[in-house]
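Student: Sharing a structure below in structure tokens format, with a few things to ask.
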Amino acid sequence: MSFPENFVWGAAAASYQIEGGAYDDGKGLSVWDMMCRQQGRVYAGHTGDVAIDHYHRYKEDVALMKQMGLMAYRLSISWPRVLPEGVGPVNEAGLDFYDRLVDELLAANIVPYVTLFHWDFPHALYCRGGWLNPQSPEWFAEYAEVVVDKLSDRVKHWMTLNEPQCFIGLGLLDGIHAPGDKLGLAEVLLAGHHTLLAHGRSVQVIRARAKLESSIGYAPTGSPVIPADEGDEDNVEQARKAMFAVNNRNCWNISWWSDPVILGHYPEDGLSTYGSAAPKVKDSDFDIMCQPLDFYGTNIYNGWTIGRNEQGRFRQVDRPQGNPICANKWPVTPEALYWGSRFYYERYGLPIVITENGLSNQDWVSLDGKVHDPLRIDFTERYLLEFKRAGEDGIPIEGYFHWSVFDNFEWAEGYKERFGMVYVDYQTQERILKDSAHWYRTVIESNGAVLGASRVEH
Ligand code: IFM
């Protein structure tokens with residue numbers, strides 16, 4: 001079996017990471033604009049002020065996506081570009097950018113998948129308490145209305161929030177992402193609670209106002225857990241349990257962020273782990289958060305393994321010395337796509353869309369003028385084969401969005417790392433399709449049939 005017939009092959013990017021035009025046409029400031037102004041916050045003082053100038057070069061960029069054969073493009077909307085103060089007057093010029101981008105995509109036969117929030121929170125609302133403000137879910141609903149009213153006559157596919165674990169955990173607890181705060185756990189979880197309400201409110205807005213029938217998902221992240229011995233049912237069960245456990249007093253877990261949205265409650269172990277820091281919740285909050293969804297979008301880059309030690313007890317298995325790692329030191333663990341898809345489907349019962357997956361690498365232009373990125377091809381092929389295996393085992397797999405279509409601004413790491421299938425020279429803004437972009441086209445054209453062709457059994 002190959003990939004399902006209507007499988008969606010896409011790639012993704014996010015507003016602040018590619019758009020630039022940070023001060024153009026009435027855009028308001030985001031917390032990332034502010035973070036980048038603070039010395040020492042972002043690698044080498046890099047900023048998203050210009051990024052890859054997608055705001056001005058979107059036509060060329062869509063043409064490149066078409067050349068890659070992409071069926072779909074996952075983009076995000078910059079909230080302060082649309083509503084400079086976060087709420088109130090709409091910046092029509094900013095909204096028009098997305099209107100034109102959607103038209104350009106559709107003209108190129110590329111289906112837009114729109115994420116409402118990928119981290120560029122309006123600075124003006126941060127000054128009013130940000131996600132800590134109990135009004136924040138309503139602010140988000142107001143913003144969602146503006147976007148949905150403008151685009152939903154052409155956009156059918158929506159995602160609400162990207163990786164709440166990161167913009168809350170890294171942004172408010174660890175202080176390494178914008179807005180760069182280090183709050184107490186109770187405040188962090190309260191802010192997180194408001195984002196889950198915001199998710200629910202935006203789903204309600206899409207369902208109530210969209211002009212086309214919509215398919216709506218969510219895009220959290222997480223580290224799937226891989227059983228060392230797939231044939232050992234106890235090992236599989238331990239992996240399943242470990243994957244959804246909430247046993248650390250930080251934001252890095254799956255179920256705190258997905259159970260309320262899909263199952264309608266916080267996980268029991270999370271409530272006991274967080275104890276008095278857990279938010280005081282009204283039952284009616286879960287009625288808002290838990291809205292019917294059409295797919296479980298998930299960003300998966302790697303996982304970790306659990307297996308038996310010599311005494312037969314289960315524990316995390318150390319990665320062997322020399323295990324492959326990406327440029328950003330993330331481990332390469334393709335089975336994460338199989339076990340992640342399987343365990344997510346078992347728990348949440350929704351079709352799976354991989355909303356992000358990809359490799360950070362140090363690519364450059366070779367003397368022959370091309371960008372050779374064999375590691376990205378090999379990485380992606382291995383992960384896709386595992387995703388295909390999940391489909392073969394009966395998991396409904398609906399789509400795959402490679403992160404990323406273009407090289408871009410990697411948050412606190414600036415432009416140090418490259419994730420794109422399209423190389424961008426940040427000085428000249430020249431774009432070059434890397435080898436992986438040409439390869440991905442063949443994958444798309446064959447609906448994945450070419451995957452694994454070069455495999456040699458060891
Ligand atoms: O670049 C990020 C993206 O914005 C969110 N998910 C992870 C990617 C790689 O770090």
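So you can find residues: chains in the structure tokens are A, B, ... in the order shown, residues in each start at 1, and ligands are numbered from 1 in order.
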Within 10 Å of ligand 1 (counting only C-alpha atoms and all ligand atoms), which residues show up? I'd like them as a ChimeraX atom specification.
Tutor: /A:12-17,118-119,162-163,166-167,219-221,298-301,328,330,355-360,403-404,407-413,417-420
Student: Can you pull out the residues contacting A:Ala44? Cut-off 12 Å, using only C-alpha atoms, and skip same-chain residues under 4 positions away; I want them as a PyMOL selection string.
Tutor: chain A and resi 36-40+411-416
Student: For A:Ala198, which residue among A:Asp363, A:Asp285, A:Asp153, A:Glu213 is the nearest when counting only C-alpha atoms?
Tutor: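 Under the stated criterion, the closest residue is A:Asp285.
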Student: Hey, which of A:Val365, A:Gly217, A:Gly88, A:Pro292 ends up closest to A:Ile352? Count only C-alpha atoms.
Tutor: A:Gly217
Student: Enumerate, as a PyMOL selection string, the complete set of residues in stretch 260-338 of chain A that a backbone-based DSSP assignment places in alpha helix (DSSP H).
Tutor: chain A and resi 268-274+283-289+335-338
Student: Once DSSP has gone over the backbone, tell me which residues of stretch 414-456 of chain A are in strand (DSSP E or B), as a PyMOL selection string.
Tutor: chain A and resi 418+422-424+431-433
Student: Can those selected residues be exported to a file as a compact mmCIF listing (two decimals), in the first residue's frame so that it contains N, CA, C and O atoms?
Tutor:
```txt
# COMPACT_ATOMS: atom_id res chain seq x y z
N ARG A 418 19.20 26.27 9.08
CA ARG A 418 18.36 26.30 7.88
C ARG A 418 17.46 25.08 7.86
O ARG A 418 17.93 23.96 7.95
N VAL A 422 13.86 25.29 0.20
CA VAL A 422 14.31 26.36 -0.70
C VAL A 422 15.34 27.18 0.07
O VAL A 422 15.07 27.68 1.17
N TYR A 423 16.52 27.28 -0.52
CA TYR A 423 17.60 28.06 0.10
C TYR A 423 17.32 29.54 -0.13
O TYR A 423 16.88 29.94 -1.21
N VAL A 424 17.60 30.35 0.87
CA VAL A 424 17.47 31.80 0.70
C VAL A 424 18.80 32.46 1.08
O VAL A 424 19.34 32.22 2.16
N ARG A 431 16.59 33.05 -4.17
CA ARG A 431 16.10 31.74 -3.77
C ARG A 431 16.67 30.68 -4.70
O ARG A 431 16.71 30.89 -5.91
N ILE A 432 17.03 29.51 -4.11
CA ILE A 432 17.49 28.38 -4.93
C ILE A 432 16.80 27.12 -4.40
O ILE A 432 16.85 26.84 -3.20
N LEU A 433 16.17 26.40 -5.29
CA LEU A 433 15.59 25.13 -4.86
C LEU A 433 16.72 24.17 -4.50
O LEU A 433 17.61 23.92 -5.31
```
Student: Would you work out the distance separating atom CA of A:Gly448 from atom CA of A:Ala107, expressed in Å to one decimal?
Tutor: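 Atom CA of A:Gly448 sits 24.7 Å away from atom CA of A:Ala107.
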Student: Do a neighbour search on stretch 251-263 of chain A at 6 Å with only C-alpha atoms, toss out local chain neighbours closer than 6 positions, and write the hits as a PDB file with all heavy atoms, in the first residue's frame.
Tutor:
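Below is the file result-v3.pdb, written as the result:
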```
ATOM      1  N   GLN A 165       2.740  24.658  23.770  1.00  0.00           N
ATOM      2  CA  GLN A 165       3.825  24.295  24.711  1.00  0.00           C
ATOM      3  C   GLN A 165       4.988  25.273  24.584  1.00  0.00           C
ATOM      4  O   GLN A 165       5.673  25.573  25.568  1.00  0.00           O
ATOM      5  CB  GLN A 165       4.370  22.895  24.398  1.00  0.00           C
ATOM      6  CG  GLN A 165       3.405  21.762  24.650  1.00  0.00           C
ATOM      7  CD  GLN A 165       2.696  21.305  23.383  1.00  0.00           C
ATOM      8  OE1 GLN A 165       2.535  22.079  22.443  1.00  0.00           O
ATOM      9  NE2 GLN A 165       2.254  20.070  23.359  1.00  0.00           N
ATOM     10  N   GLY A 169       5.357  27.870  27.218  1.00  0.00           N
ATOM     11  CA  GLY A 169       6.484  27.337  28.005  1.00  0.00           C
ATOM     12  C   GLY A 169       7.777  28.102  27.772  1.00  0.00           C
ATOM     13  O   GLY A 169       8.414  28.587  28.713  1.00  0.00           O
ATOM     14  N   GLY A 222       4.993  17.742  20.419  1.00  0.00           N
ATOM     15  CA  GLY A 222       5.173  16.719  21.446  1.00  0.00           C
ATOM     16  C   GLY A 222       6.235  15.737  21.011  1.00  0.00           C
ATOM     17  O   GLY A 222       6.559  15.656  19.825  1.00  0.00           O
ATOM     18  N   PHE A 244       1.959  10.177  27.159  1.00  0.00           N
ATOM     19  CA  PHE A 244       0.913  11.117  27.591  1.00  0.00           C
ATOM     20  C   PHE A 244       1.042  11.531  29.058  1.00  0.00           C
ATOM     21  O   PHE A 244       0.171  12.224  29.584  1.00  0.00           O
ATOM     22  CB  PHE A 244      -0.471  10.519  27.300  1.00  0.00           C
ATOM     23  CG  PHE A 244      -0.713  10.353  25.821  1.00  0.00           C
ATOM     24  CD1 PHE A 244      -0.608   9.116  25.203  1.00  0.00           C
ATOM     25  CD2 PHE A 244      -0.976  11.458  25.028  1.00  0.00           C
ATOM     26  CE1 PHE A 244      -0.795   8.966  23.841  1.00  0.00           C
ATOM     27  CE2 PHE A 244      -1.164  11.333  23.663  1.00  0.00           C
ATOM     28  CZ  PHE A 244      -1.069  10.078  23.068  1.00  0.00           C
ATOM     29  N   MET A 289     -13.550  25.019  25.343  1.00  0.00           N
ATOM     30  CA  MET A 289     -12.291  24.473  24.774  1.00  0.00           C
ATOM     31  C   MET A 289     -12.539  23.291  23.862  1.00  0.00           C
ATOM     32  O   MET A 289     -11.863  23.128  22.857  1.00  0.00           O
ATOM     33  CB  MET A 289     -11.401  23.953  25.911  1.00  0.00           C
ATOM     34  CG  MET A 289     -10.825  25.016  26.789  1.00  0.00           C
ATOM     35  SD  MET A 289      -9.957  24.166  28.140  1.00  0.00           S
ATOM     36  CE  MET A 289      -9.474  25.561  29.111  1.00  0.00           C
ATOM     37  N   CYS A 290     -13.477  22.450  24.262  1.00  0.00           N
ATOM     38  CA  CYS A 290     -13.637  21.158  23.593  1.00  0.00           C
ATOM     39  C   CYS A 290     -14.666  21.272  22.475  1.00  0.00           C
ATOM     40  O   CYS A 290     -15.846  21.028  22.687  1.00  0.00           O
ATOM     41  CB  CYS A 290     -14.042  20.127  24.643  1.00  0.00           C
ATOM     42  SG  CYS A 290     -14.195  18.486  23.965  1.00  0.00           S
TER      43      CYS A 290
END
```
Student: Give me, as JSON, numbers by chain, all polymer residues having an atom no more than 8 Å from A:Ser341, counting only C-alpha atoms and skipping those fewer than 4 positions away in the same chain.
Tutor: {"A": [337, 345, 352, 387, 390, 395, 397]}
Student: Let me make sure I understand: among A:Glu138, A:Asp24, A:Glu381, A:Asp174, which one has the smallest atom-to-atom distance to A:Arg249 if we use only C-alpha atoms?
Tutor: A:Asp174
Student: Tell me which protein, DNA and RNA residues are within 8 Å of A:Phe379, counting only C-alpha atoms, leaving out same-chain ones fewer than 2 positions away, and put them as JSON, numbers by chain.
Tutor: {"A": [332, 334, 358, 359, 375, 376, 377, 381, 382, 383]}
Student: Create the file for the chosen residues now, containing C-alpha atoms and written as a compact mmCIF listing (two decimals), in the first residue's frame.
Tutor:
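Final output, saved to out.txt:
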```txt
# COMPACT_ATOMS: atom_id res chain seq x y z
CA VAL A 332 17.01 11.82 14.30
CA PRO A 334 12.09 8.45 12.29
CA GLY A 358 11.91 18.59 9.05
CA LEU A 359 15.64 18.93 9.53
CA LEU A 375 20.76 14.69 4.80
CA ARG A 376 17.40 16.46 4.48
CA ILE A 377 16.34 14.03 1.77
CA GLU A 381 12.43 9.83 3.46
CA ARG A 382 12.98 7.89 6.67
CA TYR A 383 10.27 9.80 8.53
```
Student: Write out as a PDB file with C-alpha atoms, in the first residue's frame the residues lying within 12 Å of A:Gln204, counting only C-alpha atoms and excluding same-chain residues fewer than 2 positions away.
Tutor:
```pdb
ATOM      1  CA  PRO A 137      -9.802  34.411  24.538  1.00  0.00           C
ATOM      2  CA  GLU A 138     -12.264  37.107  23.415  1.00  0.00           C
ATOM      3  CA  PHE A 140      -8.516  36.089  19.884  1.00  0.00           C
ATOM      4  CA  ALA A 141     -12.116  35.448  18.878  1.00  0.00           C
ATOM      5  CA  GLU A 142     -12.370  39.022  17.582  1.00  0.00           C
ATOM      6  CA  ALA A 144     -10.449  35.197  14.228  1.00  0.00           C
ATOM      7  CA  GLU A 145     -13.689  36.846  13.078  1.00  0.00           C
ATOM      8  CA  VAL A 148     -12.515  34.261   8.789  1.00  0.00           C
ATOM      9  CA  THR A 160      -5.977  27.492  15.565  1.00  0.00           C
ATOM     10  CA  LEU A 197     -10.139  28.871  25.674  1.00  0.00           C
ATOM     11  CA  ALA A 198      -8.931  30.995  22.768  1.00  0.00           C
ATOM     12  CA  HIS A 199      -8.569  27.848  20.703  1.00  0.00           C
ATOM     13  CA  GLY A 200     -12.158  26.869  21.490  1.00  0.00           C
ATOM     14  CA  ARG A 201     -13.529  30.338  20.799  1.00  0.00           C
ATOM     15  CA  SER A 202     -11.800  30.496  17.446  1.00  0.00           C
ATOM     16  CA  ILE A 206     -14.928  29.474  12.222  1.00  0.00           C
ATOM     17  CA  ARG A 207     -17.904  27.119  12.479  1.00  0.00           C
ATOM     18  CA  ALA A 208     -20.347  29.996  12.872  1.00  0.00           C
ATOM     19  CA  ARG A 209     -19.023  32.367  10.222  1.00  0.00           C
ATOM     20  CA  ALA A 210     -17.063  30.494   7.563  1.00  0.00           C
ATOM     21  CA  SER A 214     -14.360  24.067   7.079  1.00  0.00           C
ATOM     22  CA  ILE A 216     -10.381  22.562  11.493  1.00  0.00           C
ATOM     23  CA  ASP A 287     -17.460  23.319  26.942  1.00  0.00           C
ATOM     24  CA  ILE A 288     -15.665  26.170  25.188  1.00  0.00           C
ATOM     25  CA  MET A 289     -12.291  24.473  24.774  1.00  0.00           C
ATOM     26  CA  CYS A 290     -13.637  21.158  23.593  1.00  0.00           C
ATOM     27  CA  GLN A 291     -15.034  21.806  20.139  1.00  0.00           C
ATOM     28  CA  PRO A 292     -15.368  19.146  17.462  1.00  0.00           C
ATOM     29  CA  LEU A 293     -12.226  19.014  15.334  1.00  0.00           C
TER      30      LEU A 293
END
```
